[in-house]
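Okay, start.cif now, which holds mmCIF, C-alpha atoms:
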```cif
data_entry
#
loop_
_atom_site.label_atom_id
_atom_site.label_comp_id
_atom_site.auth_asym_id
_atom_site.auth_seq_id
_atom_site.Cartn_x
_atom_site.Cartn_y
_atom_site.Cartn_z
CA MET A 29 8.64 55.84 50.11
CA LEU A 30 7.69 52.72 52.03
CA ARG A 31 4.47 54.40 53.08
CA LEU A 32 3.32 54.09 49.45
CA LEU A 33 3.34 50.30 49.78
CA THR A 34 -0.07 50.22 51.39
CA PRO A 35 -2.35 47.18 51.16
CA ILE A 36 -4.28 48.55 48.17
CA THR A 37 -1.01 49.21 46.33
CA VAL A 38 0.19 45.73 47.19
CA THR A 39 -3.12 44.27 45.98
CA ILE A 40 -2.85 46.09 42.65
CA VAL A 41 0.81 45.14 42.23
CA LEU A 42 -0.03 41.52 42.97
CA ALA A 43 -2.91 41.66 40.51
CA CYS A 44 -0.66 43.06 37.82
CA ALA A 45 1.92 40.39 38.61
CA GLY A 46 -0.72 37.70 38.34
CA VAL A 47 -0.77 36.62 41.99
CA SER A 48 -4.11 35.37 43.21
CA PRO A 49 -5.66 37.45 45.96
CA ALA A 50 -6.68 34.19 47.65
CA ALA A 51 -3.00 33.62 48.35
CA HIS A 52 -3.05 36.82 50.37
CA ALA A 53 -6.38 36.41 52.15
CA ALA A 54 -4.77 37.32 55.46
CA ASP A 55 -4.24 40.83 54.07
CA ALA A 56 -7.93 41.26 53.22
CA PRO A 57 -8.91 43.30 56.32
CA ALA A 58 -5.97 45.66 55.83
CA ALA A 59 -6.70 45.99 52.11
CA LYS A 60 -10.35 46.76 52.82
CA ALA A 61 -9.36 49.41 55.35
CA ASP A 62 -6.93 50.90 52.85
CA ARG A 63 -9.60 50.95 50.10
CA LYS A 64 -11.71 52.99 52.49
CA LYS A 65 -8.72 55.28 53.01
CA ALA A 66 -8.24 55.62 49.25
CA ASP A 67 -11.95 56.30 48.82
CA ARG A 68 -11.68 59.70 50.47
CA ASP A 69 -15.21 60.80 49.64
CA GLY A 70 -16.74 57.53 50.87
CA ASP A 71 -18.77 56.81 47.72
CA GLY A 72 -17.52 53.19 47.47
CA ARG A 73 -15.49 53.88 44.33
CA ILE A 74 -11.94 55.10 43.72
CA SER A 75 -11.82 58.09 41.40
CA ARG A 76 -8.86 59.01 39.23
CA GLU A 77 -8.04 61.81 41.66
CA GLU A 78 -8.16 59.42 44.63
CA ALA A 79 -6.02 56.87 42.75
CA ARG A 80 -3.28 59.44 42.19
CA ALA A 81 -2.19 58.91 45.80
CA PHE A 82 -1.21 55.35 44.77
CA PRO A 83 1.29 55.50 41.88
CA ARG A 84 0.81 51.94 40.61
CA LEU A 85 -2.95 52.17 40.82
CA ASP A 86 -2.80 55.49 38.99
CA LYS A 87 -0.57 53.95 36.31
CA ASN A 88 -3.01 51.07 35.70
CA PHE A 89 -6.20 53.08 36.20
CA ASP A 90 -7.34 53.13 32.56
CA ARG A 91 -6.82 49.38 32.16
CA ILE A 92 -8.74 48.59 35.35
CA ASP A 93 -11.58 51.05 34.63
CA THR A 94 -13.28 48.73 32.16
CA ASN A 95 -16.53 50.68 31.89
CA LYS A 96 -14.62 53.96 31.42
CA ASP A 97 -16.71 55.86 33.94
CA GLY A 98 -13.69 57.48 35.56
CA SER A 99 -13.79 55.48 38.77
CA LEU A 100 -12.84 52.02 39.98
CA SER A 101 -15.46 49.85 41.59
CA GLN A 102 -14.70 46.91 43.85
CA GLU A 103 -15.90 44.69 41.01
CA GLU A 104 -13.42 46.23 38.55
CA LEU A 105 -10.57 45.78 41.03
CA ALA A 106 -11.61 42.16 41.64
CA SER A 107 -11.87 41.55 37.90
CA ALA A 108 -8.38 42.96 37.35
CA ARG A 109 -7.02 40.61 40.01
CA GLN A 110 -8.84 37.65 38.45
CA LYS A 111 -7.56 38.43 34.95
CA ALA A 112 -4.02 38.75 36.28
CA ALA A 113 -4.34 35.37 38.00
CA GLU A 114 -5.60 33.82 34.75
CA ARG A 115 -2.69 35.32 32.82
CA LYS A 116 -0.28 33.83 35.32
CA LYS A 117 -1.87 30.39 34.96
CA ASN A 118 -1.80 30.56 31.16
CA PRO A 119 0.88 33.04 30.06
CA ASN A 120 0.51 32.05 26.37
CA ALA A 121 -3.17 32.98 26.22
CA PRO A 122 -4.05 36.14 24.32
CA ALA A 123 -4.41 39.23 26.49
CA GLY A 124 -7.94 40.40 26.98
#
```
Is it possible to express this structure as structure tokens?
Amino acid sequence: MLRLLTPITVTIVLACAGVSPAAHAADAPAAKADRKKADRDGDGRISREEARAFPRLDKNFDRIDTNKDGSLSQEELASARQKAAERKKNPNAPAG
């Protein structure tokens, strides 16, 4: 079970919890390596099928996939982290 807590899973969990990725910059190399691991076909994006290996990422896939193309880009993942950080800073702001 602990093997599921990989850097990408931790990044997504932190994003959902509203923790800024800057606070975890030391984990960046590991997270990048794990994104490559998640991106099994090497196309630079995480497909729904690839995300299924990461339960929390799979659970939040539709919310993170803002352009609804069926895959998560690095930009979409970064945007999800940023929005979570903003929600943490201003919890009374409307969700968006």
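Once the PyMOL selection byres ((chain A and resi 90-93) around 10) is applied to the shown structure, the selection contains Ile40, Ile74, Ser75, Arg76, Leu85, Asp86, Lys87, Asn88, Phe89, Thr94, Asn95, Lys96, Asp97, Gly98, Ser99, Leu100, Ser101, Glu103, Glu104, Leu105, Ala106, Ser107, Ala108 and Arg109 of chain A.
We find atom CA of A:Pro83 and atom CA of A:Ala112 to be spaced 18.4 Å apart.
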task: Figure out the distance between atom CA of A:Gln110 and atom CA of A:Ala66, please, to one decimal in Å.
output: 21.0 Å
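Here atom CA of A:Asp69 and atom CA of A:Gln102 stand 15.1 Å from one another.
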